[in-house]
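Student: protein17.csv is reproduced below (CSV, C-alpha atoms).
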chain,number,residue,atom,x,y,z
A,1,MET,CA,-18.7,39.8,5.0
A,2,LYS,CA,-15.3,40.3,3.3
A,3,LYS,CA,-14.1,37.1,4.8
A,4,LEU,CA,-17.0,35.2,3.3
A,5,HIS,CA,-16.2,36.5,-0.1
A,6,VAL,CA,-12.6,35.3,0.2
A,7,ILE,CA,-13.8,31.9,1.3
A,8,ALA,CA,-16.3,31.7,-1.5
A,9,ALA,CA,-13.8,32.8,-4.0
A,10,SER,CA,-11.2,30.3,-3.0
A,11,LEU,CA,-13.9,27.6,-3.0
A,12,MET,CA,-14.5,28.4,-6.6
A,13,VAL,CA,-10.9,28.7,-7.6
A,14,LEU,CA,-9.8,25.5,-5.9
A,15,PRO,CA,-11.7,23.0,-8.1
A,16,ALA,CA,-10.6,25.0,-11.1
A,17,MET,CA,-7.0,24.6,-10.1
A,18,THR,CA,-7.2,20.9,-9.6
A,19,ALA,CA,-9.0,20.6,-12.9
A,20,PHE,CA,-6.2,22.5,-14.5
A,21,ALA,CA,-3.6,20.1,-12.9
A,22,ALA,CA,-5.6,17.1,-14.1
A,23,ASP,CA,-5.6,18.6,-17.6
A,24,LYS,CA,-1.9,17.7,-18.1
A,25,HIS,CA,-1.1,15.0,-20.7
A,26,PRO,CA,-1.7,11.6,-19.1
A,27,ALA,CA,1.7,10.4,-20.3
A,28,PHE,CA,3.5,12.2,-17.5
A,29,LYS,CA,1.8,10.3,-14.8
A,30,LEU,CA,1.7,7.0,-16.7
A,31,ARG,CA,5.4,6.9,-17.5
A,32,HIS,CA,6.4,8.1,-14.0
A,33,HIS,CA,4.2,5.3,-12.5
A,34,ASN,CA,5.6,2.8,-15.0
A,35,PHE,CA,9.2,3.7,-14.2
A,36,GLU,CA,8.5,3.4,-10.5
A,37,ILE,CA,7.1,-0.1,-11.1
A,38,MET,CA,10.3,-1.0,-13.0
A,39,GLY,CA,12.5,0.4,-10.3
A,40,LYS,CA,10.7,-1.6,-7.6
A,41,ALA,CA,10.9,-4.8,-9.7
A,42,MET,CA,14.7,-4.2,-10.3
A,43,LYS,CA,15.2,-3.8,-6.5
A,44,GLY,CA,13.1,-6.9,-5.9
A,45,ILE,CA,15.4,-8.9,-8.1
A,46,PHE,CA,18.7,-7.4,-7.0
A,47,ASP,CA,17.7,-7.7,-3.3
A,48,GLN,CA,17.5,-11.5,-3.9
A,49,PHE,CA,21.1,-11.6,-5.2
A,50,LYS,CA,22.3,-10.1,-1.9
A,51,LYS,CA,20.2,-12.2,0.4
A,52,PRO,CA,21.6,-15.4,2.0
A,53,ALA,CA,19.4,-17.5,-0.2
A,54,ALA,CA,17.8,-16.1,-3.4
A,55,ASN,CA,14.0,-16.7,-3.7
A,56,LEU,CA,13.4,-17.8,-7.3
A,57,ALA,CA,9.7,-17.1,-7.2
A,58,THR,CA,10.3,-13.5,-6.2
A,59,ILE,CA,12.8,-13.1,-9.1
A,60,ARG,CA,10.4,-14.7,-11.6
A,61,ALA,CA,7.5,-12.5,-10.5
A,62,ASN,CA,9.5,-9.3,-10.7
A,63,ALA,CA,11.1,-10.4,-14.1
A,64,ALA,CA,7.6,-10.8,-15.5
A,65,ILE,CA,6.5,-7.3,-14.2
A,66,LEU,CA,9.7,-5.8,-15.6
A,67,SER,CA,9.2,-7.4,-19.0
A,68,GLN,CA,5.6,-6.1,-19.2
A,69,SER,CA,6.5,-2.6,-18.1
A,70,ALA,CA,9.5,-2.4,-20.4
A,71,LYS,CA,7.2,-2.7,-23.4
A,72,LYS,CA,5.2,0.4,-22.4
A,73,VAL,CA,8.2,2.7,-22.2
A,74,GLY,CA,8.5,3.4,-25.9
A,75,GLY,CA,4.8,4.6,-26.1
A,76,HIS,CA,5.1,6.8,-23.0
A,77,PHE,CA,6.8,9.8,-24.7
A,78,PRO,CA,4.4,11.3,-27.2
A,79,LYS,CA,5.3,14.6,-28.8
A,80,GLY,CA,4.5,17.6,-26.6
A,81,THR,CA,5.4,15.8,-23.3
A,82,GLY,CA,8.9,17.2,-23.1
A,83,PRO,CA,10.4,19.8,-20.8
A,84,GLY,CA,8.5,22.7,-22.4
A,85,ALA,CA,5.0,21.4,-21.5
A,86,GLY,CA,4.8,23.1,-18.1
A,87,VAL,CA,5.2,19.9,-16.1
A,88,LYS,CA,8.3,19.1,-14.2
A,89,THR,CA,10.0,16.3,-16.1
A,90,GLU,CA,13.5,14.8,-16.3
A,91,ALA,CA,12.9,13.8,-19.9
A,92,LEU,CA,15.5,15.4,-22.2
A,93,PRO,CA,14.6,16.9,-25.6
A,94,ALA,CA,17.0,14.3,-27.1
A,95,ILE,CA,14.1,11.8,-26.9
A,96,TRP,CA,12.3,13.7,-29.6
A,97,GLU,CA,15.4,15.0,-31.4
A,98,LYS,CA,16.9,11.6,-31.9
A,99,PRO,CA,13.9,9.3,-32.3
A,100,ALA,CA,15.9,6.5,-33.9
A,101,GLU,CA,18.4,6.4,-31.0
A,102,PHE,CA,15.6,6.5,-28.4
A,103,LYS,CA,13.8,3.7,-30.1
A,104,ALA,CA,17.0,1.6,-30.1
A,105,ALA,CA,17.3,2.3,-26.4
A,106,THR,CA,13.8,1.3,-25.6
A,107,ASP,CA,14.1,-1.8,-27.8
A,108,ARG,CA,17.2,-2.7,-25.9
A,109,LEU,CA,15.3,-2.5,-22.7
A,110,VAL,CA,12.5,-4.7,-24.0
A,111,ASN,CA,15.0,-7.3,-25.3
A,112,THR,CA,17.1,-7.5,-22.1
A,113,ALA,CA,14.0,-7.6,-19.9
A,114,ALA,CA,12.7,-10.5,-22.0
A,115,GLY,CA,16.1,-12.1,-21.7
A,116,LEU,CA,15.9,-11.8,-17.9
A,117,GLN,CA,12.5,-13.4,-17.9
A,118,ALA,CA,13.8,-16.3,-19.9
A,119,ALA,CA,16.8,-16.7,-17.6
A,120,SER,CA,14.7,-16.6,-14.5
A,121,ALA,CA,12.5,-19.4,-16.0
A,122,SER,CA,15.7,-21.5,-16.3
A,123,GLY,CA,16.5,-21.1,-12.6
A,124,ASP,CA,20.2,-20.8,-13.3
A,125,MET,CA,21.4,-18.1,-10.9
A,126,ALA,CA,24.5,-17.3,-12.8
A,127,LYS,CA,22.5,-16.7,-16.0
A,128,ILE,CA,19.9,-14.7,-14.1
A,129,GLN,CA,22.5,-12.4,-12.6
A,130,ALA,CA,24.1,-11.8,-16.0
A,131,ALA,CA,20.7,-11.1,-17.6
A,132,ALA,CA,19.8,-8.8,-14.7
A,133,GLY,CA,23.1,-7.0,-15.2
A,134,ALA,CA,22.2,-6.5,-18.9
A,135,VAL,CA,18.8,-5.0,-18.0
A,136,GLY,CA,20.6,-2.6,-15.6
A,137,GLY,CA,23.0,-1.6,-18.4
A,138,SER,CA,20.0,-0.8,-20.7
A,139,CYS,CA,18.5,1.4,-17.9
A,140,LYS,CA,21.7,3.2,-17.4
A,141,GLY,CA,22.4,3.6,-21.1
A,142,CYS,CA,19.0,5.3,-21.6
A,143,HIS,CA,19.3,7.4,-18.5
A,144,ASP,CA,22.7,8.7,-19.5
A,145,SER,CA,21.5,9.9,-22.9
A,146,PHE,CA,17.8,10.8,-22.4
A,147,ARG,CA,17.3,11.7,-18.7
A,148,LYS,CA,18.3,15.0,-17.1
A,149,PRO,CA,21.4,14.3,-14.9
A,150,LYS,CA,20.8,15.0,-11.2
A,151,GLY,CA,22.5,18.1,-9.9
B,1,MET,CA,51.3,10.9,31.9
B,2,ASN,CA,51.7,11.8,35.6
B,3,ASP,CA,48.7,12.5,37.8
B,4,GLN,CA,50.1,15.7,39.3
B,5,ALA,CA,49.3,18.8,37.3
B,6,HIS,CA,52.1,21.3,36.5
B,7,ASN,CA,51.4,25.0,36.3
B,8,GLY,CA,47.7,24.2,35.9
B,9,ALA,CA,48.2,22.4,32.5
B,10,VAL,CA,46.4,19.1,32.1
B,11,VAL,CA,45.4,16.8,29.3
B,12,VAL,CA,41.7,17.3,28.7
B,13,TRP,CA,41.1,15.4,25.5
B,14,ASP,CA,42.8,12.1,24.9
B,15,VAL,CA,44.1,11.0,21.5
B,16,PRO,CA,41.0,8.9,20.5
B,17,VAL,CA,38.6,11.9,21.1
B,18,ARG,CA,40.8,14.2,19.1
B,19,VAL,CA,41.4,11.8,16.2
B,20,VAL,CA,37.6,11.0,16.0
B,21,HIS,CA,36.8,14.7,16.2
B,22,TRP,CA,39.1,15.8,13.4
B,23,SER,CA,38.2,12.8,11.3
B,24,PHE,CA,34.6,13.9,11.4
B,25,VAL,CA,35.7,17.3,10.2
B,26,ALA,CA,37.7,15.8,7.3
B,27,LEU,CA,35.0,13.2,6.4
B,28,LEU,CA,31.9,15.3,6.3
B,29,PRO,CA,32.9,17.5,3.3
B,30,GLY,CA,34.1,14.4,1.5
B,31,LEU,CA,30.8,12.6,2.1
B,32,TRP,CA,28.8,15.6,0.9
B,33,TRP,CA,31.0,16.1,-2.1
B,34,SER,CA,30.9,12.4,-3.1
B,35,ALA,CA,27.1,12.3,-2.9
B,36,GLU,CA,26.8,15.6,-4.8
B,37,THR,CA,29.0,14.4,-7.6
B,38,ARG,CA,27.3,10.9,-7.4
B,39,GLN,CA,30.5,9.0,-6.8
B,40,MET,CA,28.6,6.5,-4.8
B,41,ASN,CA,31.5,4.0,-4.3
B,42,LEU,CA,33.6,6.7,-2.7
B,43,HIS,CA,30.5,7.8,-0.6
B,44,PHE,CA,30.0,4.2,0.6
B,45,THR,CA,33.7,3.9,1.6
B,46,LEU,CA,33.7,7.2,3.5
B,47,GLY,CA,30.4,6.3,5.0
B,48,LEU,CA,31.8,3.0,6.2
B,49,ILE,CA,34.7,4.8,7.9
B,50,MET,CA,32.2,7.3,9.4
B,51,LEU,CA,30.1,4.3,10.7
B,52,GLY,CA,33.2,2.9,12.4
B,53,LEU,CA,34.2,6.2,14.0
B,54,VAL,CA,30.6,6.8,15.3
B,55,VAL,CA,30.4,3.4,16.8
B,56,PHE,CA,33.9,3.8,18.3
B,57,ARG,CA,32.9,7.2,19.8
B,58,LEU,CA,29.7,5.7,21.3
B,59,ILE,CA,31.8,2.9,22.9
B,60,TRP,CA,34.4,5.4,24.1
B,61,GLY,CA,31.6,7.5,25.6
B,62,ILE,CA,30.9,4.5,27.9
B,63,VAL,CA,34.3,3.0,28.6
B,64,GLY,CA,36.8,5.8,27.6
B,65,SER,CA,38.7,8.5,29.4
B,66,SER,CA,36.7,10.5,32.0
B,67,THR,CA,36.3,13.6,29.8
B,68,ALA,CA,35.0,11.4,26.9
B,69,ARG,CA,32.3,9.6,29.0
B,70,PHE,CA,28.7,10.6,28.5
B,71,ASN,CA,27.8,10.1,32.2
B,72,ARG,CA,30.5,12.7,33.1
B,73,PHE,CA,29.2,15.5,31.0
B,74,VAL,CA,25.6,14.9,30.1
B,75,THR,CA,23.5,17.0,32.6
B,76,GLY,CA,20.0,18.1,33.2
B,77,PRO,CA,18.4,21.5,32.2
B,78,GLY,CA,19.0,22.8,35.8
B,79,THR,CA,22.8,22.5,35.5
B,80,ILE,CA,22.8,24.0,32.1
B,81,LEU,CA,20.8,27.0,33.3
B,82,ARG,CA,23.1,27.5,36.3
B,83,TYR,CA,26.1,27.3,34.0
B,84,LEU,CA,24.5,30.0,31.7
B,85,LYS,CA,24.0,32.3,34.7
B,86,THR,CA,27.5,31.9,36.2
B,87,SER,CA,29.8,31.2,33.2
B,88,ALA,CA,30.3,34.8,32.3
B,89,LYS,CA,31.8,35.5,35.7
B,90,ASP,CA,33.9,32.4,35.6
B,91,ALA,CA,35.3,33.0,32.1
B,92,GLY,CA,38.9,32.8,33.3
B,93,GLN,CA,38.2,29.5,35.0
B,94,PRO,CA,37.0,27.1,32.3
B,95,LYS,CA,35.8,23.6,33.1
B,96,VAL,CA,38.0,20.6,32.7
B,97,GLY,CA,36.2,18.7,30.0
B,98,HIS,CA,32.9,19.7,28.4
B,99,ASN,CA,30.9,22.4,30.1
B,100,PRO,CA,27.1,21.6,30.5
B,101,LEU,CA,26.2,23.6,27.4
B,102,GLY,CA,29.0,22.2,25.2
B,103,ALA,CA,27.7,18.7,26.2
B,104,LEU,CA,24.5,19.5,24.4
B,105,SER,CA,26.6,20.1,21.3
B,106,VAL,CA,28.3,16.8,21.6
B,107,ILE,CA,25.0,15.0,22.1
B,108,ALA,CA,23.3,16.8,19.2
B,109,LEU,CA,26.2,16.2,16.8
B,110,LEU,CA,26.9,12.6,17.7
B,111,GLY,CA,23.2,11.8,17.8
B,112,LEU,CA,22.6,13.3,14.3
B,113,LEU,CA,25.7,11.6,12.9
B,114,SER,CA,24.5,8.3,14.2
B,115,VAL,CA,21.0,8.8,12.7
B,116,GLN,CA,22.5,10.0,9.5
B,117,VAL,CA,24.9,7.1,9.0
B,118,GLY,CA,22.1,4.7,10.1
B,119,LEU,CA,19.7,6.1,7.4
B,120,GLY,CA,22.4,5.9,4.8
B,121,LEU,CA,22.6,2.1,5.3
B,122,PHE,CA,19.1,1.7,4.0
B,123,ALA,CA,19.0,4.6,1.5
B,124,GLN,CA,18.9,4.3,-2.3
B,125,ASP,CA,19.0,6.6,-5.3
B,126,THR,CA,16.0,7.1,-7.7
B,127,ASP,CA,16.7,3.9,-9.6
B,128,ALA,CA,17.7,1.8,-6.6
B,129,VAL,CA,20.9,1.0,-8.6
B,130,ASP,CA,23.1,2.5,-5.9
B,131,SER,CA,21.9,1.6,-2.5
B,132,GLY,CA,23.2,1.3,1.1
B,133,PRO,CA,24.5,-2.0,2.4
B,134,LEU,CA,21.3,-2.9,4.2
B,135,ASN,CA,18.9,-1.5,1.5
B,136,HIS,CA,18.1,-5.0,0.3
B,137,LEU,CA,16.5,-5.8,3.7
B,138,VAL,CA,13.8,-3.2,3.5
B,139,SER,CA,11.0,-2.4,1.0
B,140,TRP,CA,11.2,0.2,-1.7
B,141,ASP,CA,9.0,2.6,0.2
B,142,ALA,CA,11.0,2.3,3.4
B,143,ALA,CA,14.2,2.8,1.5
B,144,THR,CA,12.7,5.9,-0.2
B,145,ALA,CA,11.7,7.3,3.2
B,146,ALA,CA,15.2,6.6,4.5
B,147,SER,CA,16.7,8.4,1.5
B,148,GLU,CA,14.5,11.5,2.0
B,149,ALA,CA,15.3,11.5,5.7
B,150,HIS,CA,19.0,11.2,4.8
B,151,GLU,CA,18.8,14.5,3.0
B,152,ILE,CA,16.9,16.3,5.8
B,153,VAL,CA,19.1,15.0,8.5
B,154,PHE,CA,22.1,16.3,6.6
B,155,LYS,CA,20.6,19.8,6.6
B,156,LEU,CA,20.0,19.5,10.3
B,157,LEU,CA,23.6,18.4,10.8
B,158,LEU,CA,24.8,21.5,8.9
B,159,ALA,CA,22.7,23.7,11.1
B,160,VAL,CA,24.1,22.2,14.3
B,161,ILE,CA,27.7,22.4,12.9
B,162,ALA,CA,27.1,26.1,12.2
B,163,LEU,CA,25.9,26.6,15.8
B,164,HIS,CA,28.9,24.6,17.1
B,165,ILE,CA,31.4,26.8,15.1
B,166,ALA,CA,29.5,29.9,16.2
B,167,ALA,CA,29.8,28.9,19.8
B,168,ILE,CA,33.5,28.2,19.5
B,169,LEU,CA,34.0,31.7,17.9
B,170,PHE,CA,32.0,33.2,20.7
B,171,TYR,CA,34.2,31.6,23.4
B,172,ARG,CA,37.3,32.7,21.4
B,173,ILE,CA,36.3,36.3,20.8
B,174,VAL,CA,34.0,37.3,23.6
B,175,ARG,CA,35.3,35.0,26.4
B,176,LYS,CA,38.9,35.0,25.3
B,177,ASN,CA,38.8,31.3,25.7
B,178,ASP,CA,40.5,29.2,23.0
B,179,LEU,CA,38.7,25.8,22.6
B,180,ILE,CA,40.4,24.9,19.3
B,181,ARG,CA,44.0,24.5,20.5
B,182,PRO,CA,43.1,22.0,23.2
B,183,MET,CA,41.2,19.9,20.7
B,184,VAL,CA,44.4,19.8,18.6
B,185,SER,CA,47.0,19.3,21.3
B,186,GLY,CA,44.8,17.8,24.0
B,187,ARG,CA,46.4,20.0,26.6
B,188,ARG,CA,45.0,23.0,28.3
B,189,THR,CA,46.3,25.5,30.8
B,190,PHE,CA,44.2,26.6,33.8
B,191,SER,CA,44.9,29.6,36.0
B,192,SER,CA,44.8,27.4,39.1
B,193,ILE,CA,46.1,23.9,39.7
B,194,VAL,CA,43.5,21.4,38.7
B,195,ALA,CA,43.6,17.6,38.9
B,196,GLN,CA,44.6,15.6,35.8
B,197,PRO,CA,41.4,13.8,34.7
B,198,PRO,CA,42.0,10.1,34.4
B,199,MET,CA,42.8,8.9,30.9
B,200,ALA,CA,41.9,5.5,29.5
B,201,SER,CA,44.7,3.1,28.4
B,202,TRP,CA,45.9,2.5,24.8
B,203,ILE,CA,44.9,-1.1,25.1
B,204,LYS,CA,41.3,-0.1,25.8
B,205,ALA,CA,41.3,2.3,22.9
B,206,ALA,CA,42.7,-0.4,20.5
B,207,THR,CA,40.1,-2.9,21.7
B,208,ALA,CA,37.3,-0.5,21.2
B,209,ALA,CA,38.6,0.5,17.8
B,210,MET,CA,38.8,-3.2,16.7
B,211,ILE,CA,35.2,-3.9,17.9
B,212,ALA,CA,34.0,-0.7,16.1
B,213,ALA,CA,35.8,-1.7,12.9
B,214,ALA,CA,34.5,-5.2,12.9
B,215,LEU,CA,30.9,-4.0,13.5
B,216,ALA,CA,31.2,-1.5,10.6
B,217,LEU,CA,32.7,-4.1,8.3
B,218,TRP,CA,30.0,-6.6,9.2
B,219,ILE,CA,27.2,-4.1,8.5
B,220,SER,CA,28.9,-3.1,5.2
B,221,TYR,CA,28.7,-6.7,4.1
B,222,GLY,CA,25.0,-6.7,4.8
B,223,VAL,CA,25.0,-8.4,8.2
B,224,PRO,CA,25.9,-12.0,7.2
B,225,PRO,CA,24.7,-14.7,7.6
B,226,TRP,CA,21.2,-13.4,8.3
B,227,GLY,CA,21.1,-10.4,5.9
B,228,ALA,CA,23.5,-11.6,3.2
B,229,LYS,CA,26.0,-14.3,2.2
B,230,PHE,CA,29.5,-14.1,3.6
B,231,PRO,CA,31.8,-12.3,1.1
B,232,TRP,CA,33.8,-15.5,0.6
B,233,ASP,CA,30.6,-17.3,-0.3
B,234,GLN,CA,29.3,-15.2,-3.1
B,235,VAL,CA,28.6,-17.9,-5.7
B,236,ASP,CA,24.9,-18.6,-5.6
B,237,LYS,CA,24.6,-22.4,-5.9
B,238,ALA,CA,22.2,-23.5,-3.3
B,239,GLN,CA,19.1,-22.9,-5.4
B,240,ASP,CA,19.3,-25.9,-7.7
B,241,ALA,CA,19.6,-28.4,-5.0
B,242,SER,CA,16.8,-27.2,-2.8
B,243,PRO,CA,13.1,-27.6,-3.6
B,244,PRO,CA,12.0,-24.5,-5.7
B,245,ASP,CA,10.9,-21.4,-4.0
B,246,SER,CA,11.3,-22.7,-0.5
B,247,TYR,CA,12.8,-19.6,1.1
B,248,MET,CA,10.6,-16.8,2.4
Reformat the file's structure so that it appears as structure tokens.
Tutor:
Amino acid sequence: MKKLHVIAASLMVLPAMTAFAADKHPAFKLRHHNFEIMGKAMKGIFDQFKKPAANLATIRANAAILSQSAKKVGGHFPKGTGPGAGVKTEALPAIWEKPAEFKAATDRLVNTAAGLQAASASGDMAKIQAAAGAVGGSCKGCHDSFRKPKG
Amino acid sequence: MNDQAHNGAVVVWDVPVRVVHWSFVALLPGLWWSAETRQMNLHFTLGLIMLGLVVFRLIWGIVGSSTARFNRFVTGPGTILRYLKTSAKDAGQPKVGHNPLGALSVIALLGLLSVQVGLGLFAQDTDAVDSGPLNHLVSWDAATAASEAHEIVFKLLLAVIALHIAAILFYRIVRKNDLIRPMVSGRRTFSSIVAQPPMASWIKAATAAMIAAALALWISYGVPPWGAKFPWDQVDKAQDASPPDSYM
């Protein structure tokens, strides 16, 4: 009988726990997903630079994805989604403490990603590589100031 | 080196085996430290040296001196059990070359090192900014899996190294059997006259080293021409001439 109680109790607790987990601010999941999309797109582009012959179509498709996702980053950090919210996050408090600087960093990402998309449309590999390097620089710049360094 | 043994002293480990062994000892902390402090260029350089050494040791395990060859020391479970039963009595009469149990240590360490260096070639960091030399040939998900496995295998490696050191200490303290000195000097004294195991020539070692270095270098450049452009052909110019988007 006791066993049954335990099972019944855990059956009741389990959905409650998952509901609790789902209750977190959607921004956490959204931005994580968005950053992953951007990471994949960056890899998709840089892979082509290393391959024996670069595939322009792949570069263009990934540049478009990158440009789209870049625009979302600025809106993915609403107040209350920092380190104190009970969710594991690499976002630093600096995002909310220095909003002007953070905005400049996300604007830089949007601009460089748009630049890469334009360069990829031109088909000039030298231009594309330089533009992709600029996007990489904007990623790194923001990570250095606003993301928790890995230990 | 003459074939006749004097006073039971023979060369058990040749120079390549010793150099590779102590290079592993020196490289591993450097590889760990460079990854930990995210000095990825240093990590790649050390990893490239590690790759060359592992490839060399695998070649040497086939064509090298008799005590370095896998088919001379890799045995079945029966031989290992027999060794475990009798080795305590024979403590004063150690084996020339790896004993059946020590052979397991070599296989485990060299196997894990091969897997580890292989995984590192495909691994990437969270942003895929720093990535191994063959990372561009696999998908994001495959590379992420390789990176996670790279961390797990490192922990396994640490565990086996700890076991390896514990075993050496056991032989030293309990069996009064110094395994470290022969791994430094190559020479070992036995209480009875034993035959000098045949040692491979320098020319063979140099050839194997050159093959291993060439292979490591080729992999570090992304296996051109199939996986990447040759380093002297880095300027991407083919695109404009060819019909658009023809490669896939």
Student: Measure the distance from CA of Gly222 (chain B) to CA of Ser34 (chain B) in Å and round it to one decimal.
Tutor: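 Going from CA of Gly222 (chain B) over to CA of Ser34 (chain B) covers 21.5 Å.
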Student: For chain A, which residues have at least one atom within 7 Å of chain B, if we go by only C-alpha atoms? Write them as a PDB file with C-alpha atoms, keeping the file's coordinate frame, please.
Tutor:
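Now in iface-v7.pdb:
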ATOM      1  CA  GLY A  39      12.500   0.400 -10.300  1.00  0.00           C
ATOM      2  CA  LYS A  40      10.700  -1.600  -7.600  1.00  0.00           C
ATOM      3  CA  LYS A  43      15.200  -3.800  -6.500  1.00  0.00           C
ATOM      4  CA  ASP A  47      17.700  -7.700  -3.300  1.00  0.00           C
ATOM      5  CA  LYS A  50      22.300 -10.100  -1.900  1.00  0.00           C
ATOM      6  CA  LYS A  51      20.200 -12.200   0.400  1.00  0.00           C
ATOM      7  CA  PRO A  52      21.600 -15.400   2.000  1.00  0.00           C
ATOM      8  CA  ASN A  55      14.000 -16.700  -3.700  1.00  0.00           C
ATOM      9  CA  LEU A  56      13.400 -17.800  -7.300  1.00  0.00           C
ATOM     10  CA  ALA A  57       9.700 -17.100  -7.200  1.00  0.00           C
ATOM     11  CA  MET A 125      21.400 -18.100 -10.900  1.00  0.00           C
TER      12      MET A 125
END
Student: Counting only C-alpha atoms, which residue out of A:Ala131, A:Met42, A:Ser120, A:Pro99 sits closest to Pro78 (chain A)?
Tutor: A:Pro99
Student: In Å, rounded to a single decimal, give me how far CA of Thr189 (chain B) is from CA of Val10 (chain B).
Tutor: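 A separation of 6.5 Å between them.
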Student: Go ahead and fit an axis-aligned box to every listed atom of region 47-54 of chain A plus 5 Å each side, and pass me the centre and edge lengths in Å, one decimal, as lines of an AutoDock Vina configuration file.
Tutor:
center_x = 19.9
center_y = -12.6
center_z = -1.6
size_x = 14.8
size_y = 19.8
size_z = 17.2
Student: With only C-alpha atoms as the counted atoms, please give the residues lying no more than 6 Å from Gly74 (chain A), apart from itself and same-chain residues fewer than 2 positions off, as a list of chain:residue names.
Tutor: A:Lys72, A:His76, A:Thr106
Student: Between A:Ser145, A:Gln129, A:Ser122, A:Ser69, which has the minimum distance to Ala54 (chain A) (counting only C-alpha atoms)?
Tutor: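 Using only C-alpha atoms, Ala54 (chain A) sits closest to A:Gln129.
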Student: Just give me the gap between CA of Ala91 (chain A) and CA of Lys150 (chain A) in Å, one decimal is fine.
Tutor: 11.8 Å
Student: Calculated over only C-alpha atoms, which of the candidates B:Met40, B:Ile107, B:Leu169, B:Val12 has the smallest distance to Leu58 (chain B)?
Tutor: B:Ile107
Student: Write out as a PyMOL selection string each polymer residue whose atoms come within 12 Å of Ile180 (chain B), counting all atoms listed in the file; drop sequence neighbours fewer than 5 positions from it.
Tutor: chain B and resi 13+18+21-22+164-165+167-172+185-188
Student: Here is a test: counting only C-alpha atoms, which residue of B:Ala35, B:Leu215, B:Ala166, B:Ile49 is nearest to Phe154 (chain B)?
Tutor: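 Going through B:Ala35, B:Leu215, B:Ala166, B:Ile49 one by one, the smallest distance to Phe154 (chain B) is for B:Ala35.
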Student: Which is closest to Val135 (chain A) among A:Lys79, A:Val87, A:Ala63, A:Pro93, if we use all atoms listed in the file?
Tutor: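 Selected residue with least distance to Val135 (chain A): A:Ala63.
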Student: With only C-alpha atoms as the atoms that count, which of B:Phe24, B:Tyr83, B:Phe44, B:Phe70 lies nearest to Leu101 (chain B)?
Tutor: B:Tyr83
Student: Find the residues near Leu109 (chain A): any atom within 12 Å, counting all atoms listed in the file, skip ones fewer than 2 places away on the same chain, and give them as a PyMOL selection string.
Tutor: chain A and resi 38+66-74+102-107+111-116+131-143
Student: I want to know what sits within 8 Å of region 145-151 of chain B, based on all atoms listed in the file, with residues of the same chain fewer than 5 positions away left out; could you give that as a PDB file with C-alpha atoms, in the frame of the given file?
Tutor:
ATOM      1  CA  GLN B 116      22.500  10.000   9.500  1.00  0.00           C
ATOM      2  CA  LEU B 119      19.700   6.100   7.400  1.00  0.00           C
ATOM      3  CA  GLY B 120      22.400   5.900   4.800  1.00  0.00           C
ATOM      4  CA  PHE B 122      19.100   1.700   4.000  1.00  0.00           C
ATOM      5  CA  ALA B 123      19.000   4.600   1.500  1.00  0.00           C
ATOM      6  CA  GLN B 124      18.900   4.300  -2.300  1.00  0.00           C
ATOM      7  CA  ASP B 125      19.000   6.600  -5.300  1.00  0.00           C
TER       8      ASP B 125
END
